[in-house]
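Below is structure-v6.tsv, holding TSV, C-alpha atoms.
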```
chain	number	residue	atom	x	y	z
A	5	MET	CA	22.69	-62.07	71.04
A	6	SER	CA	26.16	-61.75	72.55
A	7	ASN	CA	27.17	-63.93	75.46
A	8	LEU	CA	28.09	-62.16	78.68
A	9	LYS	CA	31.13	-62.70	80.87
A	10	SER	CA	32.35	-61.69	84.32
A	11	GLN	CA	34.73	-58.74	84.41
A	12	ASP	CA	36.91	-57.34	87.20
A	13	LEU	CA	36.91	-53.54	87.44
A	14	TYR	CA	39.22	-51.13	89.28
A	15	GLY	CA	41.80	-53.80	90.00
A	16	GLY	CA	39.19	-56.31	91.11
A	17	ALA	CA	37.48	-54.01	93.62
A	18	ILE	CA	34.22	-54.29	91.66
A	19	LYS	CA	32.91	-57.43	89.97
A	20	ALA	CA	30.74	-56.78	86.92
A	21	THR	CA	29.41	-58.29	83.68
A	22	ILE	CA	30.18	-57.21	80.11
A	23	PRO	CA	29.48	-58.66	76.65
A	24	GLU	CA	31.88	-61.39	75.54
A	25	GLY	CA	34.52	-60.13	73.12
A	26	TRP	CA	34.24	-56.44	73.96
A	27	LEU	CA	37.50	-54.50	74.03
A	28	ASP	CA	39.02	-52.86	77.09
A	29	ALA	CA	39.57	-49.27	75.92
A	30	SER	CA	42.46	-48.84	78.38
A	31	ASP	CA	44.47	-51.14	76.09
A	32	LEU	CA	43.98	-48.59	73.30
A	33	ARG	CA	44.15	-45.19	75.00
A	34	GLN	CA	44.31	-43.53	78.38
A	35	ILE	CA	41.06	-43.64	80.36
A	36	PRO	CA	40.32	-41.43	83.41
A	37	ASP	CA	40.96	-43.20	86.73
A	38	HIS	CA	37.30	-42.99	87.77
A	39	GLN	CA	36.15	-44.79	84.59
A	40	GLU	CA	36.30	-48.23	83.01
A	41	LEU	CA	35.35	-48.29	79.31
A	42	PHE	CA	34.60	-51.23	77.00
A	43	LEU	CA	34.01	-51.05	73.25
A	44	SER	CA	31.96	-53.25	70.96
A	45	PRO	CA	34.15	-54.90	68.28
A	46	THR	CA	31.34	-54.73	65.70
A	47	THR	CA	29.39	-51.50	66.38
A	48	LEU	CA	30.01	-48.06	67.90
A	49	SER	CA	28.29	-49.05	71.15
A	50	ASN	CA	30.25	-48.75	74.38
A	51	LEU	CA	29.85	-49.60	78.05
A	52	ILE	CA	31.07	-47.15	80.67
A	53	PHE	CA	31.48	-47.67	84.42
A	54	GLU	CA	32.01	-44.50	86.46
A	55	ILE	CA	32.66	-43.70	90.11
A	56	ASN	CA	31.40	-40.20	90.91
A	57	GLU	CA	30.82	-38.03	93.95
A	58	ARG	CA	27.32	-38.64	95.31
A	59	VAL	CA	24.87	-35.95	94.22
A	60	SER	CA	23.44	-34.28	97.31
A	61	GLU	CA	19.73	-33.78	97.91
A	62	GLU	CA	20.09	-30.02	97.56
A	63	THR	CA	22.00	-30.25	94.28
A	64	ALA	CA	19.68	-32.83	92.76
A	65	LEU	CA	16.46	-30.95	93.51
A	66	SER	CA	17.94	-27.57	92.64
A	67	ALA	CA	19.15	-28.82	89.27
A	68	LEU	CA	15.81	-30.45	88.61
A	69	GLN	CA	13.87	-27.26	89.25
A	70	SER	CA	16.21	-25.17	87.10
A	71	ALA	CA	16.37	-27.64	84.21
A	72	SER	CA	15.32	-26.19	80.87
A	73	ASN	CA	14.35	-29.59	79.47
A	74	LYS	CA	10.58	-29.79	79.89
A	75	GLU	CA	10.45	-33.56	79.53
A	76	VAL	CA	12.93	-34.03	82.37
A	77	LEU	CA	10.81	-31.83	84.61
A	78	GLU	CA	7.68	-33.79	83.71
A	79	THR	CA	9.32	-37.04	84.83
A	80	LEU	CA	8.86	-36.11	88.49
A	81	GLY	CA	6.12	-33.52	88.19
A	82	PRO	CA	6.25	-29.72	88.60
A	83	ASN	CA	6.74	-29.63	92.37
A	84	PRO	CA	8.30	-32.90	93.57
A	85	GLY	CA	8.57	-33.40	97.29
A	86	ALA	CA	11.94	-34.22	98.82
A	87	THR	CA	11.26	-37.90	99.49
A	88	PRO	CA	14.21	-40.33	99.25
A	89	ASP	CA	12.79	-41.75	96.01
A	90	THR	CA	12.35	-38.31	94.45
A	91	VAL	CA	15.86	-37.24	95.46
A	92	ASP	CA	17.36	-40.39	93.96
A	93	LYS	CA	15.44	-39.97	90.70
A	94	ALA	CA	16.44	-36.32	90.57
A	95	ALA	CA	20.07	-37.40	91.06
A	96	ALA	CA	19.74	-39.81	88.13
A	97	LEU	CA	18.40	-36.98	85.96
A	98	TYR	CA	21.20	-34.72	87.19
A	99	HIS	CA	23.80	-37.24	86.02
A	100	LEU	CA	22.06	-37.57	82.65
A	101	ASN	CA	21.94	-33.82	82.14
A	102	ASP	CA	25.61	-33.62	83.10
A	103	LEU	CA	26.38	-35.58	79.91
A	104	ARG	CA	25.11	-32.80	77.69
A	105	ASP	CA	27.95	-31.07	75.83
A	106	ASP	CA	26.04	-27.81	75.43
A	107	ASP	CA	22.55	-26.29	75.36
A	108	ASN	CA	22.00	-27.65	71.86
A	109	ASP	CA	22.02	-31.22	73.16
A	110	THR	CA	18.58	-32.40	74.16
A	111	LEU	CA	17.71	-35.21	76.54
A	112	ARG	CA	14.60	-37.33	76.06
A	113	ILE	CA	13.51	-39.69	78.83
A	114	VAL	CA	12.56	-42.99	77.20
A	115	ALA	CA	12.06	-44.91	80.46
A	116	PRO	CA	12.05	-42.87	83.70
A	117	PRO	CA	14.36	-43.92	86.56
A	118	GLN	CA	12.91	-47.06	88.14
A	119	GLN	CA	14.03	-48.29	91.53
A	120	ILE	CA	15.42	-51.81	91.50
A	121	SER	CA	17.15	-54.08	94.00
A	122	LEU	CA	20.67	-55.32	93.29
A	123	GLN	CA	21.00	-58.95	94.28
A	124	LYS	CA	24.48	-58.54	95.78
A	125	LEU	CA	24.03	-54.95	97.02
A	126	PRO	CA	20.51	-55.08	98.49
A	127	ASN	CA	21.06	-52.08	100.79
A	128	ALA	CA	22.09	-49.72	98.00
A	129	ARG	CA	19.36	-47.55	96.53
A	130	SER	CA	19.61	-48.33	92.82
A	131	TYR	CA	17.79	-47.24	89.67
A	132	LYS	CA	17.72	-48.14	86.01
A	133	GLY	CA	16.32	-46.26	83.04
A	134	VAL	CA	16.70	-45.34	79.39
A	135	ALA	CA	17.30	-41.94	77.82
A	136	GLN	CA	18.16	-40.56	74.39
A	137	MET	CA	20.64	-37.75	73.79
A	138	THR	CA	20.34	-35.80	70.54
A	139	SER	CA	22.80	-33.23	69.24
A	140	LEU	CA	21.20	-30.50	67.15
A	141	THR	CA	24.48	-28.85	66.14
A	142	THR	CA	26.79	-30.30	63.52
A	143	ARG	CA	30.43	-29.92	64.46
A	144	PRO	CA	32.40	-31.54	61.58
A	145	GLY	CA	35.19	-33.81	62.66
A	146	VAL	CA	34.03	-33.97	66.27
A	147	ALA	CA	32.06	-36.88	67.63
A	148	PRO	CA	29.70	-36.38	70.57
A	149	SER	CA	30.72	-37.92	73.84
A	150	VAL	CA	28.86	-39.68	76.61
A	151	GLY	CA	30.58	-39.94	79.96
A	152	GLY	CA	33.86	-38.88	78.39
A	153	ALA	CA	33.80	-41.62	75.72
A	154	PRO	CA	33.14	-40.99	72.03
A	155	ALA	CA	29.53	-41.74	71.27
A	156	GLY	CA	30.15	-42.35	67.61
A	157	SER	CA	31.37	-40.96	64.31
A	158	SER	CA	31.29	-41.79	60.63
A	159	ALA	CA	33.95	-42.22	57.99
A	160	ASP	CA	33.45	-38.66	56.73
A	161	GLY	CA	33.87	-37.22	60.23
A	162	GLY	CA	30.19	-36.44	60.64
A	163	LEU	CA	28.39	-36.19	63.95
A	164	SER	CA	26.08	-38.83	65.39
A	165	ALA	CA	22.66	-37.26	65.83
A	166	SER	CA	21.30	-39.45	68.61
A	167	VAL	CA	22.59	-41.84	71.24
A	168	THR	CA	20.44	-44.17	73.34
A	169	LEU	CA	21.66	-44.59	76.93
A	170	HIS	CA	20.61	-47.54	79.04
A	171	TYR	CA	21.86	-46.80	82.53
A	172	LEU	CA	22.17	-48.13	86.05
A	173	LEU	CA	22.71	-45.82	89.04
A	174	VAL	CA	23.91	-47.27	92.36
A	175	ARG	CA	23.82	-44.79	95.27
A	176	LEU	CA	26.26	-45.55	98.09
A	177	GLU	CA	25.34	-43.15	100.87
A	178	GLU	CA	28.01	-44.10	103.43
A	179	GLN	CA	30.73	-43.91	100.78
A	180	GLU	CA	29.33	-40.60	99.43
A	181	THR	CA	29.51	-42.17	95.99
A	182	ASP	CA	27.32	-42.67	92.94
A	183	VAL	CA	28.33	-45.60	90.75
A	184	LEU	CA	27.06	-45.06	87.20
A	185	ILE	CA	26.91	-47.54	84.35
A	186	PHE	CA	25.99	-46.47	80.81
A	187	PHE	CA	25.43	-48.70	77.79
A	188	ASN	CA	25.58	-46.18	74.93
A	189	THR	CA	24.35	-46.90	71.40
A	190	PRO	CA	24.84	-44.26	68.67
A	191	HIS	CA	22.09	-44.39	66.03
A	192	LYS	CA	24.06	-43.03	63.06
A	193	GLU	CA	25.57	-46.26	61.78
A	194	PHE	CA	22.19	-48.02	61.85
A	195	ASP	CA	20.33	-45.07	60.34
A	196	GLU	CA	22.81	-44.74	57.47
A	197	ARG	CA	22.40	-48.34	56.39
A	198	GLY	CA	18.65	-48.44	57.06
A	199	ASP	CA	18.97	-51.07	59.77
A	200	PRO	CA	16.35	-50.45	62.47
A	201	ARG	CA	16.48	-54.12	63.36
A	202	GLY	CA	20.19	-53.82	64.14
A	203	LEU	CA	19.48	-50.86	66.41
A	204	ALA	CA	16.75	-52.84	68.15
A	205	LYS	CA	19.17	-55.74	68.71
A	206	GLU	CA	21.65	-53.35	70.33
A	207	GLY	CA	18.83	-52.27	72.64
A	208	GLU	CA	18.16	-55.90	73.51
A	209	LEU	CA	21.83	-56.40	74.31
A	210	ALA	CA	21.84	-53.27	76.47
A	211	ASN	CA	18.83	-54.56	78.41
A	212	SER	CA	20.50	-57.94	78.94
A	213	VAL	CA	23.69	-56.28	80.22
A	214	ILE	CA	21.80	-54.08	82.67
A	215	ASP	CA	19.71	-57.06	83.87
A	216	ALA	CA	22.89	-59.12	84.36
A	217	LEU	CA	24.48	-56.29	86.36
A	218	ILE	CA	21.40	-56.10	88.58
A	219	GLU	CA	22.01	-59.74	89.40
A	220	LYS	CA	25.83	-59.85	89.50
A	221	LEU	CA	27.28	-56.42	90.29
A	222	GLU	CA	29.34	-56.76	93.45
A	223	ILE	CA	31.77	-54.64	95.45
A	224	ALA	CA	34.65	-56.86	96.54
A	225	ASP	CA	36.81	-54.16	98.12
A	226	TRP	CA	35.05	-51.23	99.81
A	227	GLY	CA	38.44	-49.59	100.30
A	228	LEU	CA	38.09	-48.44	96.68
A	229	PHE	CA	35.99	-45.55	97.96
A	230	GLY	CA	38.47	-44.38	100.59
A	231	GLY	CA	37.66	-43.56	104.19
```

Output the structure of this file as structure tokens.
Amino acid sequence: MSNLKSQDLYGGAIKATIPEGWLDASDLRQIPDHQELFLSPTTLSNLIFEINERVSEETALSALQSASNKEVLETLGPNPGATPDTVDKAAALYHLNDLRDDDNDTLRIVAPPQQISLQKLPNARSYKGVAQMTSLTTRPGVAPSVGGAPAGSSADGGLSASVTLHYLLVRLEEQETDVLIFFNTPHKEFDERGDPRGLAKEGELANSVIDALIEKLEIADWGLFGG
């Protein structure tokens, strides 16, 4: 299991935790200003931090009701009431669905959004969960993406079929912001070498990173969000 280390994000405005030895993708290519991206040196896994506009109650519930993915709908039931918890979970599902490249990408909820308390941000409504994104269309030479980062590819330019996403959603109401963290693990490299144990170990690492962020994630400079 990899060791974890503290990591400054957005010029030190956010304090986070990442696996030791992971690469800062901004040293390799241009990354959007609202993202911080780190890459595993040994696998195709990546860790993405994103600052997004907060999904409104109306948008979250509307998108939930119109979603074509049956399993997503079943997560909250056929007619969810507009309680704060339901709205937040619907917002998490909205963000997950927003990662789909097209209608041929399917989203499976592995672990529904679960409310948790961040040790250093106790007043923020926060949720963690696990999902799996599967692409049903082969587009040679093009790798699928999750949150704007490549989810994986192979030497022959093939397409990763599935990606497991462990995520953390932090809802900052006063700042009108949703902070999203995704630990993405493409399955292709493990499937091709018949290494389910390796895939399981990546899942263990993802869990440890999310658990560490629940304990250590901190906002050092609220001016990051403007206003």

For Ile18 (chain A), please output as number ranges by chain all residues within 6 Å (counting only C-alpha atoms; exclusion window: fewer than 4 positions along the same chain). A: 13, 222-224

Do you know which residues are at most 10 Å from region 111-117 of chain A counting all atoms listed in the file, after dropping those on the same chain fewer than 5 positions away, and could you put them as a PyMOL selection string? chain A and resi 73-76+78-80+89-90+92-97+100-101+103-104+130-139+166-173

Could you pull the residues within 12 Å of Ala204 (chain A), counting all atoms listed in the file, minus those fewer than 6 positions along the same chain, as a PDB file with C-alpha atoms, in the frame of the given file?
```pdb
ATOM      1  CA  MET A   5      22.690 -62.070  71.040  1.00  0.00           C
ATOM      2  CA  THR A 168      20.440 -44.170  73.340  1.00  0.00           C
ATOM      3  CA  THR A 189      24.350 -46.900  71.400  1.00  0.00           C
ATOM      4  CA  PRO A 190      24.840 -44.260  68.670  1.00  0.00           C
ATOM      5  CA  HIS A 191      22.090 -44.390  66.030  1.00  0.00           C
ATOM      6  CA  PHE A 194      22.190 -48.020  61.850  1.00  0.00           C
ATOM      7  CA  ASP A 195      20.330 -45.070  60.340  1.00  0.00           C
ATOM      8  CA  ALA A 210      21.840 -53.270  76.470  1.00  0.00           C
ATOM      9  CA  ASN A 211      18.830 -54.560  78.410  1.00  0.00           C
TER      10      ASN A 211
END
```

Per residue of region 199-225 of chain A within 12 Å of region 23-46 of chain A, what are the shortest atom pair and its distance in Å to one decimal, counting all atoms listed in the file, with rows by chain and residue number, as JSON lines?
```
{"residue": "A:Gly202", "atom": "CA", "partner": "A:Thr46", "partner_atom": "CA", "distance": 11.3}
{"residue": "A:Glu206", "atom": "CA", "partner": "A:Ser44", "partner_atom": "CA", "distance": 10.3}
{"residue": "A:Leu209", "atom": "CA", "partner": "A:Pro23", "partner_atom": "CA", "distance": 8.3}
{"residue": "A:Ala210", "atom": "CA", "partner": "A:Pro23", "partner_atom": "CA", "distance": 9.4}
{"residue": "A:Asn211", "atom": "CA", "partner": "A:Pro23", "partner_atom": "CA", "distance": 11.5}
{"residue": "A:Ser212", "atom": "CA", "partner": "A:Pro23", "partner_atom": "CA", "distance": 9.3}
{"residue": "A:Val213", "atom": "CA", "partner": "A:Pro23", "partner_atom": "CA", "distance": 7.2}
{"residue": "A:Ile214", "atom": "CA", "partner": "A:Pro23", "partner_atom": "CA", "distance": 10.8}
{"residue": "A:Ala216", "atom": "CA", "partner": "A:Pro23", "partner_atom": "CA", "distance": 10.2}
{"residue": "A:Leu217", "atom": "CA", "partner": "A:Pro23", "partner_atom": "CA", "distance": 11.2}
```

Please compute the CA of Asp182 (chain A)-CA of Ser10 (chain A) distance, one decimal, in Å.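 Pair CA of Asp182 (chain A) / CA of Ser10 (chain A) returns 21.5 Å.
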
Would you please work out which residue, of A:Leu203, A:Leu65, A:Leu176, A:Leu184, is nearest to Thr47 (chain A) when using only C-alpha atoms? A:Leu203

Which one of A:Ala86, A:Leu122, A:Val59, A:Ile218 sits closest to Glu177 (chain A) if you count all atoms listed in the file? A:Val59

Pairwise distance, CA of Thr21 (chain A) with CA of Glu180 (chain A), equals 23.7 Å

To one decimal place, how far is CA of Ser49 (chain A) from CA of Glu219 (chain A) in Å?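 Atom-to-atom, CA of Ser49 (chain A) and CA of Glu219 (chain A) are spaced 22.1 Å apart.
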
Shortest interatomic distance to Tyr14 (chain A) - which of A:Leu228, A:Val183, A:Lys205, A:Gln123, counting all atoms listed in the file: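 Comparing A:Leu228, A:Val183, A:Lys205, A:Gln123 against Tyr14 (chain A), the winner is A:Leu228.
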
Please complete region 204-216 of chain A so it has N, CA, C and O atoms, and hand it over as a PDB file, in the coordinates of the input.
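Saved result, selection06.pdb, follows:
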```
ATOM      1  N   ALA A 204      17.577 -52.169  67.145  1.00  0.00           N
ATOM      2  CA  ALA A 204      16.750 -52.840  68.150  1.00  0.00           C
ATOM      3  C   ALA A 204      17.526 -53.951  68.855  1.00  0.00           C
ATOM      4  O   ALA A 204      17.389 -54.144  70.069  1.00  0.00           O
ATOM      5  N   LYS A 205      18.372 -54.665  68.097  1.00  0.00           N
ATOM      6  CA  LYS A 205      19.170 -55.740  68.710  1.00  0.00           C
ATOM      7  C   LYS A 205      20.182 -55.177  69.698  1.00  0.00           C
ATOM      8  O   LYS A 205      20.448 -55.792  70.735  1.00  0.00           O
ATOM      9  N   GLU A 206      20.746 -53.983  69.381  1.00  0.00           N
ATOM     10  CA  GLU A 206      21.650 -53.350  70.330  1.00  0.00           C
ATOM     11  C   GLU A 206      20.901 -52.993  71.617  1.00  0.00           C
ATOM     12  O   GLU A 206      21.438 -53.101  72.718  1.00  0.00           O
ATOM     13  N   GLY A 207      19.646 -52.562  71.463  1.00  0.00           N
ATOM     14  CA  GLY A 207      18.830 -52.270  72.640  1.00  0.00           C
ATOM     15  C   GLY A 207      18.566 -53.506  73.467  1.00  0.00           C
ATOM     16  O   GLY A 207      18.575 -53.454  74.712  1.00  0.00           O
ATOM     17  N   GLU A 208      18.362 -54.637  72.800  1.00  0.00           N
ATOM     18  CA  GLU A 208      18.160 -55.900  73.510  1.00  0.00           C
ATOM     19  C   GLU A 208      19.415 -56.300  74.279  1.00  0.00           C
ATOM     20  O   GLU A 208      19.342 -56.782  75.418  1.00  0.00           O
ATOM     21  N   LEU A 209      20.568 -56.092  73.629  1.00  0.00           N
ATOM     22  CA  LEU A 209      21.830 -56.400  74.310  1.00  0.00           C
ATOM     23  C   LEU A 209      22.023 -55.498  75.518  1.00  0.00           C
ATOM     24  O   LEU A 209      22.433 -55.957  76.594  1.00  0.00           O
ATOM     25  N   ALA A 210      21.719 -54.211  75.348  1.00  0.00           N
ATOM     26  CA  ALA A 210      21.840 -53.270  76.470  1.00  0.00           C
ATOM     27  C   ALA A 210      20.964 -53.706  77.633  1.00  0.00           C
ATOM     28  O   ALA A 210      21.404 -53.700  78.796  1.00  0.00           O
ATOM     29  N   ASN A 211      19.735 -54.100  77.341  1.00  0.00           N
ATOM     30  CA  ASN A 211      18.830 -54.560  78.410  1.00  0.00           C
ATOM     31  C   ASN A 211      19.400 -55.789  79.111  1.00  0.00           C
ATOM     32  O   ASN A 211      19.316 -55.906  80.343  1.00  0.00           O
ATOM     33  N   SER A 212      19.969 -56.712  78.333  1.00  0.00           N
ATOM     34  CA  SER A 212      20.500 -57.940  78.940  1.00  0.00           C
ATOM     35  C   SER A 212      21.712 -57.631  79.819  1.00  0.00           C
ATOM     36  O   SER A 212      21.892 -58.254  80.872  1.00  0.00           O
ATOM     37  N   VAL A 213      22.529 -56.658  79.409  1.00  0.00           N
ATOM     38  CA  VAL A 213      23.690 -56.280  80.220  1.00  0.00           C
ATOM     39  C   VAL A 213      23.239 -55.646  81.538  1.00  0.00           C
ATOM     40  O   VAL A 213      23.742 -55.983  82.616  1.00  0.00           O
ATOM     41  N   ILE A 214      22.294 -54.725  81.457  1.00  0.00           N
ATOM     42  CA  ILE A 214      21.800 -54.080  82.670  1.00  0.00           C
ATOM     43  C   ILE A 214      21.157 -55.111  83.603  1.00  0.00           C
ATOM     44  O   ILE A 214      21.386 -55.099  84.820  1.00  0.00           O
ATOM     45  N   ASP A 215      20.359 -56.023  83.044  1.00  0.00           N
ATOM     46  CA  ASP A 215      19.710 -57.060  83.870  1.00  0.00           C
ATOM     47  C   ASP A 215      20.764 -57.958  84.525  1.00  0.00           C
ATOM     48  O   ASP A 215      20.612 -58.362  85.685  1.00  0.00           O
ATOM     49  N   ALA A 216      21.832 -58.277  83.791  1.00  0.00           N
ATOM     50  CA  ALA A 216      22.890 -59.120  84.360  1.00  0.00           C
ATOM     51  C   ALA A 216      23.615 -58.385  85.481  1.00  0.00           C
ATOM     52  O   ALA A 216      23.975 -58.982  86.502  1.00  0.00           O
TER      53      ALA A 216
END
```
